[in-house]
2 protein chains.
Amino acid sequence: MFNKTMQGYGEQRSVIRALFDYGTKRKQEIGEENVFDFSIGAPAAPAPPCVGAEIARLMRELPSEKLHGYTPSAGDMGVREAVAKSISAKFGVPMSANLVYMTCGASASLVLTLSAALAPGDEVIVPSPFFPEYGVFVRQAGGVLVPVATDAAFHPDLAAIGRAITPKTRAVLVNSPNNPTGAVYTAAEMRALGDLLREKSGDVPILLLADEPYRELCYGEAPVYPMTVYDDTVVLYSFSKSATLSGERIGYIAVSPRLRGAEALFSAICGAGRYHGYVCAPALFQRVVPALLTAAPDPAFYRKNRDLLLSALTGMGYECCPAEGAFYLFVKALEQDAAAFSERAKAHELLLVPSDSFGAAGYVRISYCVGRSVIEKSLPAFSALMEEYRG
Amino acid sequence: MFNKTMQGYGEQRSVIRALFDYGTKRKQEIGEENVFDFSIGAPAAPAPPCVGAEIARLMRELPSEKLHGYTPSAGDMGVREAVAKSISAKFGVPMSANLVYMTCGASASLVLTLSAALAPGDEVIVPSPFFPEYGVFVRQAGGVLVPVATDAAFHPDLAAIGRAITPKTRAVLVNSPNNPTGAVYTAAEMRALGDLLREKSGDVPILLLADEPYRELCYGEAPVYPMTVYDDTVVLYSFSKSATLSGERIGYIAVSPRLRGAEALFSAICGAGRYHGYVCAPALFQRVVPALLTAAPDPAFYRKNRDLLLSALTGMGYECCPAEGAFYLFVKALEQDAAAFSERAKAHELLLVPSDSFGAAGYVRISYCVGRSVIEKSLPAFSALMEEYRG
């Protein structure tokens, strides 16, 4: 009776959300402390203190009708200038406030950028496994998602990406540090990817779209800035994870000034903002952004979780990916069918997302962005689960 | 090189925004107090005091990772319950929290509801003149906007609407109090519209979509609640105008529980939320909503502006619509070509939006949601403009 596509997206539940909802119900039944909910990437670290301080200062200093009023669609110009300056200073690349578009978070950034960049039928290559909503966002823009399997360590397989490029390839979408694997692509890999895209681009360049909400949540060398390795790059950033502001919907799109047709792409992003009904990014949190740019996020909260979980699970005999960044541990399921393994884990009150919806078989994703006590209390359950399989 | 549709929407500037940008530049040239900027609907009344008080309380009482974290996609359940209770209590209609979806403001509400409700080629009737972005939002959903001229007082012409209904008509979209005319539809008109839609609906009902950001900005009898006159109704509400929160992007969609297929439509709205990249409405401002529901907005600020402007302009000989609500005065241009009239007004530093982009010829829209001094100081300019034409 209504729109079939939207009904489909409404009814076809995300596996992650379904498991999260199961967890919410289960916690009511047996107590919150008895369910080990590793289902969703909702950060448990407190927001940086500057968030509260800035909100209080802004409310004191600006009249409410200015503070909470419309900003221009692309964002408050002072905020866009602060973002551009910060990118230039941190990464040594040219950046212009005129090419920074403030958004309602990473999903909005992806929808607007893909809508602006793709013509119907254009292909977008994504290293697999990948965040499942990428498929929804590419399809809504009329594009075709082309997953390309990563190597054994879940790093990009450049030869395979090269083979997947066709005349219809319009973009490669990378997410490093990665959800769901925790992989962080090396500088050498990113440079090689830049070389490949330069070689393969024709008159119309293949865009590098870098989805970077986890940039600062990295436990080794800092990731290279994508604009330094390739000109035709768009960076999509969000403060959801690094500043624990996932509910406030605040992020930005930064189009490299060196991208061919940068201004035309930016204008199309503005058009996509109108088209999808985004009037402006939330005004108060836009104005909190300049303070967030100078407060370097501290990944220590998640690093401690990772260290504890990684060493404990490895000690028990689980096969874990290295977890170089983000707050996800990708672990080999103890049987071939990841969904069946996830079901058996549930009996131990462990909520682990099977890897199938990320486009990979045989793994589970553990979101360790939880309070430390959840991890500590969960270890006997992980151990019992292993015992069960060893029989 | 990029998506042509989005490039088109990006380049084709909105007339309102173009005039607003002209005003911003002009103010820099000759001083803010010398430009009479009636171009955009950005409220100048302070936000209600409960906004600041609630934000301070929430920051004291909730840990930051809860306060700023993800809510469910449809919104925080406590907030949705408060909205549902408030609708039931104020308007005497059944309402369920399960049919309330918190959104990033009115534009998002329109995009999600139209995306959810329309199949390709479905028609949406709108009384004309109307808010220009309606055309963008209906087209993005694959629909066709069918403007139907209002009567001489800019109230709905029910006979004409009846004649415009075809088997493809899926919805009638009404906006009362109206942008740009300030008309407020009477209870009798709304009841007659309900009767007409009941009569014309087949197996698939024609939906009544009520865009109500100006509900409380009404200077006569309060508008009837649309769900009381017609079952197959969806109300789209925003706090942008009534609570001066236009930049914070907070509003809701309320699907009448009596709407045929209400749950399926709601599920499709959830699907549309995923599709367009809206993860959830901004979390902090969701939590401010319950306080806003009990703080009855006071239209006095705008009523005083209206009274002053209406009596002054009428006294000078301008032909004005009654301005029953919202904060817009629709005034007959002093020549046939509204755009030419708007240009001549500019020479008097008066920024008035020509009516053509609203789908009507020969008028200008005056947004009187400005500080009172702007109106007071503008009166000699309006007078000089009239003199010039009488010349």
# chains A, B, ... in the order shown; residues from 1 in each chain; ligands from 1
>>> select_by_dssp(residues="segment 164-362 of chain A", states="strand (DSSP E)", output="JSON, numbers by chain")
{"A": [169, 170, 171, 172, 173, 174, 207, 208, 209, 210, 211, 233, 234, 235, 236, 237, 238, 251, 252, 253, 254, 255, 328, 329, 330, 331, 332, 350, 351, 353, 354]}
>>> select_by_dssp(residues="segment 200-285 of chain B", states="alpha helix (DSSP H)", output="PyMOL selection string")
chain B and resi 200+262-275+283-285
>>> write_last_selection(atoms="N, CA, C and O atoms", output="compact mmCIF listing (two decimals), in the first residue's frame")
# COMPACT_ATOMS: atom_id res chain seq x y z
N LYS B 200 -13.72 10.67 -1.76
CA LYS B 200 -12.89 10.39 -2.95
C LYS B 200 -11.95 9.20 -2.76
O LYS B 200 -11.42 8.69 -3.75
N ALA B 262 -1.56 1.97 9.42
CA ALA B 262 -0.68 2.89 10.16
C ALA B 262 0.67 2.25 10.46
O ALA B 262 1.72 2.88 10.30
N GLU B 263 0.65 0.97 10.89
CA GLU B 263 1.92 0.35 11.27
C GLU B 263 2.82 0.12 10.06
O GLU B 263 4.05 0.27 10.15
N ALA B 264 2.22 -0.23 8.93
CA ALA B 264 3.01 -0.42 7.71
C ALA B 264 3.63 0.91 7.27
O ALA B 264 4.79 0.96 6.87
N LEU B 265 2.84 1.99 7.36
CA LEU B 265 3.39 3.30 6.99
C LEU B 265 4.52 3.68 7.93
O LEU B 265 5.57 4.16 7.50
N PHE B 266 4.32 3.42 9.22
CA PHE B 266 5.36 3.76 10.19
C PHE B 266 6.64 2.98 9.91
O PHE B 266 7.75 3.52 9.95
N SER B 267 6.48 1.71 9.59
CA SER B 267 7.64 0.88 9.26
C SER B 267 8.35 1.42 8.02
O SER B 267 9.59 1.46 7.96
N ALA B 268 7.57 1.88 7.05
CA ALA B 268 8.18 2.47 5.84
C ALA B 268 8.88 3.79 6.17
O ALA B 268 9.91 4.11 5.58
N ILE B 269 8.34 4.54 7.12
CA ILE B 269 9.02 5.78 7.56
C ILE B 269 10.38 5.41 8.20
O ILE B 269 11.40 6.06 7.94
N CYS B 270 10.39 4.36 9.02
CA CYS B 270 11.66 3.89 9.60
C CYS B 270 12.63 3.50 8.49
O CYS B 270 13.82 3.82 8.54
N GLY B 271 12.12 2.81 7.46
CA GLY B 271 12.95 2.43 6.32
C GLY B 271 13.50 3.65 5.60
O GLY B 271 14.67 3.69 5.20
N ALA B 272 12.65 4.67 5.45
CA ALA B 272 13.09 5.90 4.78
C ALA B 272 14.16 6.61 5.61
O ALA B 272 15.08 7.22 5.07
N GLY B 273 14.06 6.51 6.93
CA GLY B 273 15.09 7.08 7.79
C GLY B 273 16.45 6.46 7.51
O GLY B 273 17.46 7.17 7.38
N ARG B 274 16.49 5.12 7.38
CA ARG B 274 17.74 4.43 7.02
C ARG B 274 18.23 4.89 5.65
O ARG B 274 19.40 5.21 5.47
N TYR B 275 17.31 4.89 4.69
CA TYR B 275 17.61 5.17 3.28
C TYR B 275 18.24 6.55 3.11
O TYR B 275 19.16 6.73 2.32
N ALA B 283 20.09 13.94 19.92
CA ALA B 283 19.70 13.32 21.19
C ALA B 283 19.40 14.35 22.28
O ALA B 283 18.39 14.24 22.98
N LEU B 284 20.28 15.34 22.43
CA LEU B 284 20.06 16.32 23.50
C LEU B 284 18.73 17.04 23.29
O LEU B 284 17.94 17.18 24.23
N PHE B 285 18.46 17.49 22.08
CA PHE B 285 17.22 18.24 21.84
C PHE B 285 15.99 17.34 21.85
O PHE B 285 14.90 17.82 22.17
>>> residues_around(residues="segment 219-224 of chain B", least_positions_apart="6", cutoff="6 Å", atoms="only C-alpha atoms", output="list in words")
Ala187, Glu324 and Gly325 of chain B
>>> residues_around(residues="Phe130 of chain A", least_positions_apart="3", cutoff="9 Å", atoms="only C-alpha atoms", output="number ranges by chain")
A: 126-127, 133-134, 147, 174-175, 178-181, 357-360
>>> write_last_selection(atoms="N, CA, C and O atoms", output="mmCIF file, in the first residue's frame")
data_model
loop_
_atom_site.group_PDB
_atom_site.id
_atom_site.type_symbol
_atom_site.label_atom_id
_atom_site.label_comp_id
_atom_site.auth_asym_id
_atom_site.auth_seq_id
_atom_site.Cartn_x
_atom_site.Cartn_y
_atom_site.Cartn_z
ATOM 1 N N VAL A 126 34.269 -1.390 -2.550
ATOM 2 C CA VAL A 126 34.527 -1.317 -1.110
ATOM 3 C C VAL A 126 35.266 -2.582 -0.675
ATOM 4 O O VAL A 126 34.868 -3.703 -1.049
ATOM 5 N N PRO A 127 36.392 -2.428 0.057
ATOM 6 C CA PRO A 127 37.051 -3.609 0.610
ATOM 7 C C PRO A 127 36.089 -4.304 1.578
ATOM 8 O O PRO A 127 35.411 -3.642 2.365
ATOM 9 N N GLU A 133 25.436 -0.775 6.117
ATOM 10 C CA GLU A 133 24.624 0.320 5.563
ATOM 11 C C GLU A 133 25.250 0.935 4.307
ATOM 12 O O GLU A 133 24.568 1.648 3.566
ATOM 13 N N TYR A 134 26.521 0.674 4.044
ATOM 14 C CA TYR A 134 27.118 1.145 2.783
ATOM 15 C C TYR A 134 26.266 0.714 1.585
ATOM 16 O O TYR A 134 26.123 1.471 0.615
ATOM 17 N N PRO A 147 31.823 -5.212 -3.668
ATOM 18 C CA PRO A 147 32.732 -5.606 -2.587
ATOM 19 C C PRO A 147 33.931 -6.362 -3.159
ATOM 20 O O PRO A 147 33.775 -7.173 -4.071
ATOM 21 N N VAL A 174 36.855 3.617 1.370
ATOM 22 C CA VAL A 174 37.653 2.919 2.390
ATOM 23 C C VAL A 174 37.297 3.419 3.787
ATOM 24 O O VAL A 174 36.874 4.560 3.965
ATOM 25 N N ASN A 175 37.476 2.553 4.746
ATOM 26 C CA ASN A 175 37.106 2.825 6.133
ATOM 27 C C ASN A 175 38.228 2.263 6.999
ATOM 28 O O ASN A 175 38.283 1.074 7.262
ATOM 29 N N ASN A 178 39.031 0.217 10.640
ATOM 30 C CA ASN A 178 37.899 -0.434 9.999
ATOM 31 C C ASN A 178 36.854 -1.002 10.960
ATOM 32 O O ASN A 178 37.177 -1.600 11.976
ATOM 33 N N ASN A 179 35.614 -0.800 10.575
ATOM 34 C CA ASN A 179 34.464 -1.496 11.143
ATOM 35 C C ASN A 179 34.062 -2.511 10.074
ATOM 36 O O ASN A 179 33.764 -2.092 8.958
ATOM 37 N N PRO A 180 34.117 -3.806 10.304
ATOM 38 C CA PRO A 180 34.127 -4.509 11.595
ATOM 39 C C PRO A 180 35.463 -5.118 12.021
ATOM 40 O O PRO A 180 35.503 -5.732 13.072
ATOM 41 N N THR A 181 36.538 -4.963 11.247
ATOM 42 C CA THR A 181 37.714 -5.812 11.517
ATOM 43 C C THR A 181 38.738 -5.182 12.449
ATOM 44 O O THR A 181 39.609 -5.870 12.964
ATOM 45 N N SER A 357 26.485 -10.317 7.624
ATOM 46 C CA SER A 357 25.925 -9.056 7.121
ATOM 47 C C SER A 357 27.023 -8.046 6.788
ATOM 48 O O SER A 357 26.769 -7.048 6.123
ATOM 49 N N PHE A 358 28.254 -8.301 7.224
ATOM 50 C CA PHE A 358 29.387 -7.453 6.817
ATOM 51 C C PHE A 358 30.003 -7.950 5.503
ATOM 52 O O PHE A 358 31.022 -7.422 5.056
ATOM 53 N N GLY A 359 29.418 -9.003 4.946
ATOM 54 C CA GLY A 359 29.936 -9.513 3.680
ATOM 55 C C GLY A 359 31.094 -10.469 3.838
ATOM 56 O O GLY A 359 31.943 -10.580 2.949
ATOM 57 N N ALA A 360 31.163 -11.171 4.968
ATOM 58 C CA ALA A 360 32.232 -12.161 5.189
ATOM 59 C C ALA A 360 31.651 -13.298 6.021
ATOM 60 O O ALA A 360 30.782 -13.070 6.861
#
>>> atom_distance(atom1="atom CA of Val136 of chain A", atom2="atom CA of Ser14 of chain A")
11.2 Å
>>> closest_residue(among="A:Tyr328, A:Leu385, A:Ala339, A:Ile40", to="Asp21 of chain A", atoms="only C-alpha atoms")
A:Ile40
>>> atom_distance(atom1="atom CA of Leu293 of chain B", atom2="atom CA of Pro94 of chain B")
16.9 Å
>>> residues_around(residues="His155 of chain A", least_positions_apart="4", cutoff="10 Å", atoms="only C-alpha atoms", output="PyMOL selection string")
chain A and resi 127-128+149-151+176+178+181-186+189
>>> closest_residue(among="A:Met77, A:Ile250, A:Leu350, A:Ala164", to="chain B", atoms="only C-alpha atoms")
A:Ile250
>>> residues_around(residues="Ala56 of chain A", least_positions_apart="5", cutoff="10 Å", atoms="only C-alpha atoms", output="list of chain:residue names")
A:Cys50, A:Val51, A:Glu61, B:Gly52, B:Ile55, B:Ala56, B:Met59
>>> closest_residue(among="A:Leu208, A:Val124, A:Leu245, A:Ala106", to="chain B", atoms="only C-alpha atoms")
A:Leu245
>>> closest_residue(among="B:Ala243, B:Ala18, B:Ala108, B:Ile161", to="chain A", atoms="only C-alpha atoms")
B:Ala108
>>> closest_residue(among="B:Leu334, B:Leu196, B:Val374, B:Met1", to="Ala116 of chain A", atoms="only C-alpha atoms")
B:Met1
>>> residues_around(residues="segment 229-240 of chain B", least_positions_apart="4", cutoff="8 Å", atoms="only C-alpha atoms", output="PDB file with N, CA, C and O atoms, in the first residue's frame")
ATOM      1  N   GLY B 105      13.630  17.828  12.178  1.00  0.00           N
ATOM      2  CA  GLY B 105      12.880  18.990  11.711  1.00  0.00           C
ATOM      3  C   GLY B 105      11.884  18.696  10.600  1.00  0.00           C
ATOM      4  O   GLY B 105      11.746  17.566  10.126  1.00  0.00           O
ATOM      5  N   ALA B 106      11.196  19.757  10.169  1.00  0.00           N
ATOM      6  CA  ALA B 106      10.057  19.618   9.254  1.00  0.00           C
ATOM      7  C   ALA B 106      10.472  19.104   7.886  1.00  0.00           C
ATOM      8  O   ALA B 106       9.766  18.287   7.289  1.00  0.00           O
ATOM      9  N   SER B 109      10.960  15.489   8.127  1.00  0.00           N
ATOM     10  CA  SER B 109       9.656  14.846   8.286  1.00  0.00           C
ATOM     11  C   SER B 109       8.972  14.684   6.930  1.00  0.00           C
ATOM     12  O   SER B 109       8.389  13.633   6.626  1.00  0.00           O
ATOM     13  N   LEU B 110       9.032  15.734   6.119  1.00  0.00           N
ATOM     14  CA  LEU B 110       8.400  15.684   4.802  1.00  0.00           C
ATOM     15  C   LEU B 110       9.091  14.657   3.911  1.00  0.00           C
ATOM     16  O   LEU B 110       8.431  13.851   3.249  1.00  0.00           O
ATOM     17  N   MET B 190     -11.553  22.558   7.219  1.00  0.00           N
ATOM     18  CA  MET B 190     -10.827  21.309   7.447  1.00  0.00           C
ATOM     19  C   MET B 190     -11.804  20.130   7.489  1.00  0.00           C
ATOM     20  O   MET B 190     -11.502  19.047   6.984  1.00  0.00           O
ATOM     21  N   ARG B 191     -12.987  20.346   8.098  1.00  0.00           N
ATOM     22  CA  ARG B 191     -13.996  19.273   8.123  1.00  0.00           C
ATOM     23  C   ARG B 191     -14.463  18.948   6.708  1.00  0.00           C
ATOM     24  O   ARG B 191     -14.610  17.775   6.338  1.00  0.00           O
ATOM     25  N   GLY B 194     -11.886  16.932   5.040  1.00  0.00           N
ATOM     26  CA  GLY B 194     -11.988  15.533   5.500  1.00  0.00           C
ATOM     27  C   GLY B 194     -13.126  14.806   4.789  1.00  0.00           C
ATOM     28  O   GLY B 194     -12.952  13.678   4.317  1.00  0.00           O
ATOM     29  N   ASP B 195     -14.278  15.456   4.673  1.00  0.00           N
ATOM     30  CA  ASP B 195     -15.427  14.840   3.993  1.00  0.00           C
ATOM     31  C   ASP B 195     -15.081  14.511   2.540  1.00  0.00           C
ATOM     32  O   ASP B 195     -15.397  13.428   2.032  1.00  0.00           O
ATOM     33  N   ARG B 198     -12.699  11.550   2.326  1.00  0.00           N
ATOM     34  CA  ARG B 198     -13.428  10.299   2.595  1.00  0.00           C
ATOM     35  C   ARG B 198     -14.220   9.873   1.367  1.00  0.00           C
ATOM     36  O   ARG B 198     -14.224   8.705   0.977  1.00  0.00           O
ATOM     37  N   PRO B 205      -6.569   4.706   0.796  1.00  0.00           N
ATOM     38  CA  PRO B 205      -7.026   6.043   1.197  1.00  0.00           C
ATOM     39  C   PRO B 205      -6.104   7.138   0.674  1.00  0.00           C
ATOM     40  O   PRO B 205      -4.904   6.925   0.512  1.00  0.00           O
ATOM     41  N   ILE B 206      -6.680   8.311   0.431  1.00  0.00           N
ATOM     42  CA  ILE B 206      -5.874   9.507   0.156  1.00  0.00           C
ATOM     43  C   ILE B 206      -5.428  10.037   1.512  1.00  0.00           C
ATOM     44  O   ILE B 206      -6.242  10.275   2.409  1.00  0.00           O
ATOM     45  N   LEU B 207      -4.130  10.207   1.678  1.00  0.00           N
ATOM     46  CA  LEU B 207      -3.614  10.664   2.967  1.00  0.00           C
ATOM     47  C   LEU B 207      -3.743  12.181   3.088  1.00  0.00           C
ATOM     48  O   LEU B 207      -3.582  12.911   2.108  1.00  0.00           O
ATOM     49  N   LEU B 208      -4.009  12.620   4.306  1.00  0.00           N
ATOM     50  CA  LEU B 208      -3.922  14.047   4.615  1.00  0.00           C
ATOM     51  C   LEU B 208      -2.607  14.257   5.356  1.00  0.00           C
ATOM     52  O   LEU B 208      -2.404  13.720   6.460  1.00  0.00           O
ATOM     53  N   LEU B 209      -1.696  14.992   4.728  1.00  0.00           N
ATOM     54  CA  LEU B 209      -0.409  15.298   5.355  1.00  0.00           C
ATOM     55  C   LEU B 209      -0.466  16.748   5.834  1.00  0.00           C
ATOM     56  O   LEU B 209      -0.630  17.666   5.022  1.00  0.00           O
ATOM     57  N   ALA B 210      -0.375  16.936   7.151  1.00  0.00           N
ATOM     58  CA  ALA B 210      -0.504  18.278   7.724  1.00  0.00           C
ATOM     59  C   ALA B 210       0.850  18.748   8.226  1.00  0.00           C
ATOM     60  O   ALA B 210       1.362  18.231   9.220  1.00  0.00           O
ATOM     61  N   ASP B 211       1.420  19.724   7.516  1.00  0.00           N
ATOM     62  CA  ASP B 211       2.720  20.301   7.868  1.00  0.00           C
ATOM     63  C   ASP B 211       2.444  21.472   8.814  1.00  0.00           C
ATOM     64  O   ASP B 211       1.933  22.498   8.395  1.00  0.00           O
ATOM     65  N   GLU B 212       2.782  21.305  10.091  1.00  0.00           N
ATOM     66  CA  GLU B 212       2.286  22.221  11.121  1.00  0.00           C
ATOM     67  C   GLU B 212       3.342  22.926  11.953  1.00  0.00           C
ATOM     68  O   GLU B 212       3.167  23.069  13.171  1.00  0.00           O
ATOM     69  N   PRO B 213       4.399  23.436  11.371  1.00  0.00           N
ATOM     70  CA  PRO B 213       5.387  24.112  12.229  1.00  0.00           C
ATOM     71  C   PRO B 213       4.877  25.406  12.851  1.00  0.00           C
ATOM     72  O   PRO B 213       5.458  25.888  13.822  1.00  0.00           O
ATOM     73  N   TYR B 225      -7.359  20.243  15.056  1.00  0.00           N
ATOM     74  CA  TYR B 225      -6.304  19.238  14.869  1.00  0.00           C
ATOM     75  C   TYR B 225      -6.727  18.300  13.744  1.00  0.00           C
ATOM     76  O   TYR B 225      -7.817  17.721  13.776  1.00  0.00           O
ATOM     77  N   THR B 244      11.809  28.626  18.477  1.00  0.00           N
ATOM     78  CA  THR B 244      13.057  29.256  17.998  1.00  0.00           C
ATOM     79  C   THR B 244      14.229  28.280  18.083  1.00  0.00           C
ATOM     80  O   THR B 244      15.260  28.549  18.689  1.00  0.00           O
ATOM     81  N   LEU B 245      14.043  27.108  17.494  1.00  0.00           N
ATOM     82  CA  LEU B 245      15.101  26.095  17.475  1.00  0.00           C
ATOM     83  C   LEU B 245      15.389  25.672  16.031  1.00  0.00           C
ATOM     84  O   LEU B 245      15.726  24.515  15.780  1.00  0.00           O
ATOM     85  N   SER B 246      15.282  26.616  15.106  1.00  0.00           N
ATOM     86  CA  SER B 246      15.352  26.238  13.694  1.00  0.00           C
ATOM     87  C   SER B 246      16.682  25.583  13.318  1.00  0.00           C
ATOM     88  O   SER B 246      16.725  24.720  12.450  1.00  0.00           O
ATOM     89  N   GLY B 247      17.761  25.970  13.983  1.00  0.00           N
ATOM     90  CA  GLY B 247      19.055  25.371  13.651  1.00  0.00           C
ATOM     91  C   GLY B 247      19.298  24.024  14.303  1.00  0.00           C
ATOM     92  O   GLY B 247      20.221  23.308  13.916  1.00  0.00           O
ATOM     93  N   GLU B 248      18.475  23.658  15.290  1.00  0.00           N
ATOM     94  CA  GLU B 248      18.752  22.417  16.041  1.00  0.00           C
ATOM     95  C   GLU B 248      18.121  21.188  15.412  1.00  0.00           C
ATOM     96  O   GLU B 248      18.427  20.068  15.803  1.00  0.00           O
ATOM     97  N   ARG B 249      17.231  21.383  14.452  1.00  0.00           N
ATOM     98  CA  ARG B 249      16.650  20.294  13.684  1.00  0.00           C
ATOM     99  C   ARG B 249      15.964  19.287  14.601  1.00  0.00           C
ATOM    100  O   ARG B 249      16.459  18.174  14.803  1.00  0.00           O
ATOM    101  N   ILE B 250      14.811  19.706  15.117  1.00  0.00           N
ATOM    102  CA  ILE B 250      14.072  18.784  15.984  1.00  0.00           C
ATOM    103  C   ILE B 250      12.574  18.932  15.740  1.00  0.00           C
ATOM    104  O   ILE B 250      12.037  20.043  15.744  1.00  0.00           O
ATOM    105  N   GLY B 251      11.947  17.804  15.470  1.00  0.00           N
ATOM    106  CA  GLY B 251      10.526  17.771  15.213  1.00  0.00           C
ATOM    107  C   GLY B 251      10.047  16.330  15.283  1.00  0.00           C
ATOM    108  O   GLY B 251      10.785  15.458  15.759  1.00  0.00           O
ATOM    109  N   TYR B 252       8.819  16.082  14.848  1.00  0.00           N
ATOM    110  CA  TYR B 252       8.336  14.696  14.838  1.00  0.00           C
ATOM    111  C   TYR B 252       7.285  14.469  13.761  1.00  0.00           C
ATOM    112  O   TYR B 252       6.682  15.418  13.246  1.00  0.00           O
ATOM    113  N   ILE B 253       7.119  13.189  13.440  1.00  0.00           N
ATOM    114  CA  ILE B 253       6.027  12.721  12.591  1.00  0.00           C
ATOM    115  C   ILE B 253       5.073  11.968  13.509  1.00  0.00           C
ATOM    116  O   ILE B 253       5.520  11.111  14.280  1.00  0.00           O
ATOM    117  N   ALA B 254       3.772  12.276  13.441  1.00  0.00           N
ATOM    118  CA  ALA B 254       2.778  11.527  14.209  1.00  0.00           C
ATOM    119  C   ALA B 254       1.777  10.910  13.229  1.00  0.00           C
ATOM    120  O   ALA B 254       1.059  11.630  12.528  1.00  0.00           O
ATOM    121  N   VAL B 255       1.762   9.592  13.151  1.00  0.00           N
ATOM    122  CA  VAL B 255       0.841   8.865  12.271  1.00  0.00           C
ATOM    123  C   VAL B 255      -0.411   8.547  13.088  1.00  0.00           C
ATOM    124  O   VAL B 255      -0.311   7.948  14.170  1.00  0.00           O
ATOM    125  N   SER B 256      -1.565   8.949  12.587  1.00  0.00           N
ATOM    126  CA  SER B 256      -2.804   8.661  13.321  1.00  0.00           C
ATOM    127  C   SER B 256      -3.000   7.152  13.467  1.00  0.00           C
ATOM    128  O   SER B 256      -2.877   6.415  12.485  1.00  0.00           O
ATOM    129  N   ARG B 258      -5.610   5.708  13.634  1.00  0.00           N
ATOM    130  CA  ARG B 258      -6.792   5.328  12.835  1.00  0.00           C
ATOM    131  C   ARG B 258      -6.488   5.248  11.344  1.00  0.00           C
ATOM    132  O   ARG B 258      -7.363   4.885  10.541  1.00  0.00           O
ATOM    133  N   LEU B 259      -5.295   5.644  10.954  1.00  0.00           N
ATOM    134  CA  LEU B 259      -4.906   5.571   9.533  1.00  0.00           C
ATOM    135  C   LEU B 259      -4.859   4.112   9.105  1.00  0.00           C
ATOM    136  O   LEU B 259      -4.288   3.272   9.816  1.00  0.00           O
ATOM    137  N   ARG B 260      -5.454   3.796   7.960  1.00  0.00           N
ATOM    138  CA  ARG B 260      -5.436   2.413   7.472  1.00  0.00           C
ATOM    139  C   ARG B 260      -3.998   2.017   7.133  1.00  0.00           C
ATOM    140  O   ARG B 260      -3.362   2.676   6.323  1.00  0.00           O
TER     141      ARG B 260
END
>>> atom_distance(atom1="atom CA of Leu197 of chain B", atom2="atom CA of Thr113 of chain B")
18.6 Å
>>> closest_residue(among="B:Ser88, B:Asn98, B:Gln28, B:Gln286", to="chain A", atoms="only C-alpha atoms")
B:Gln286
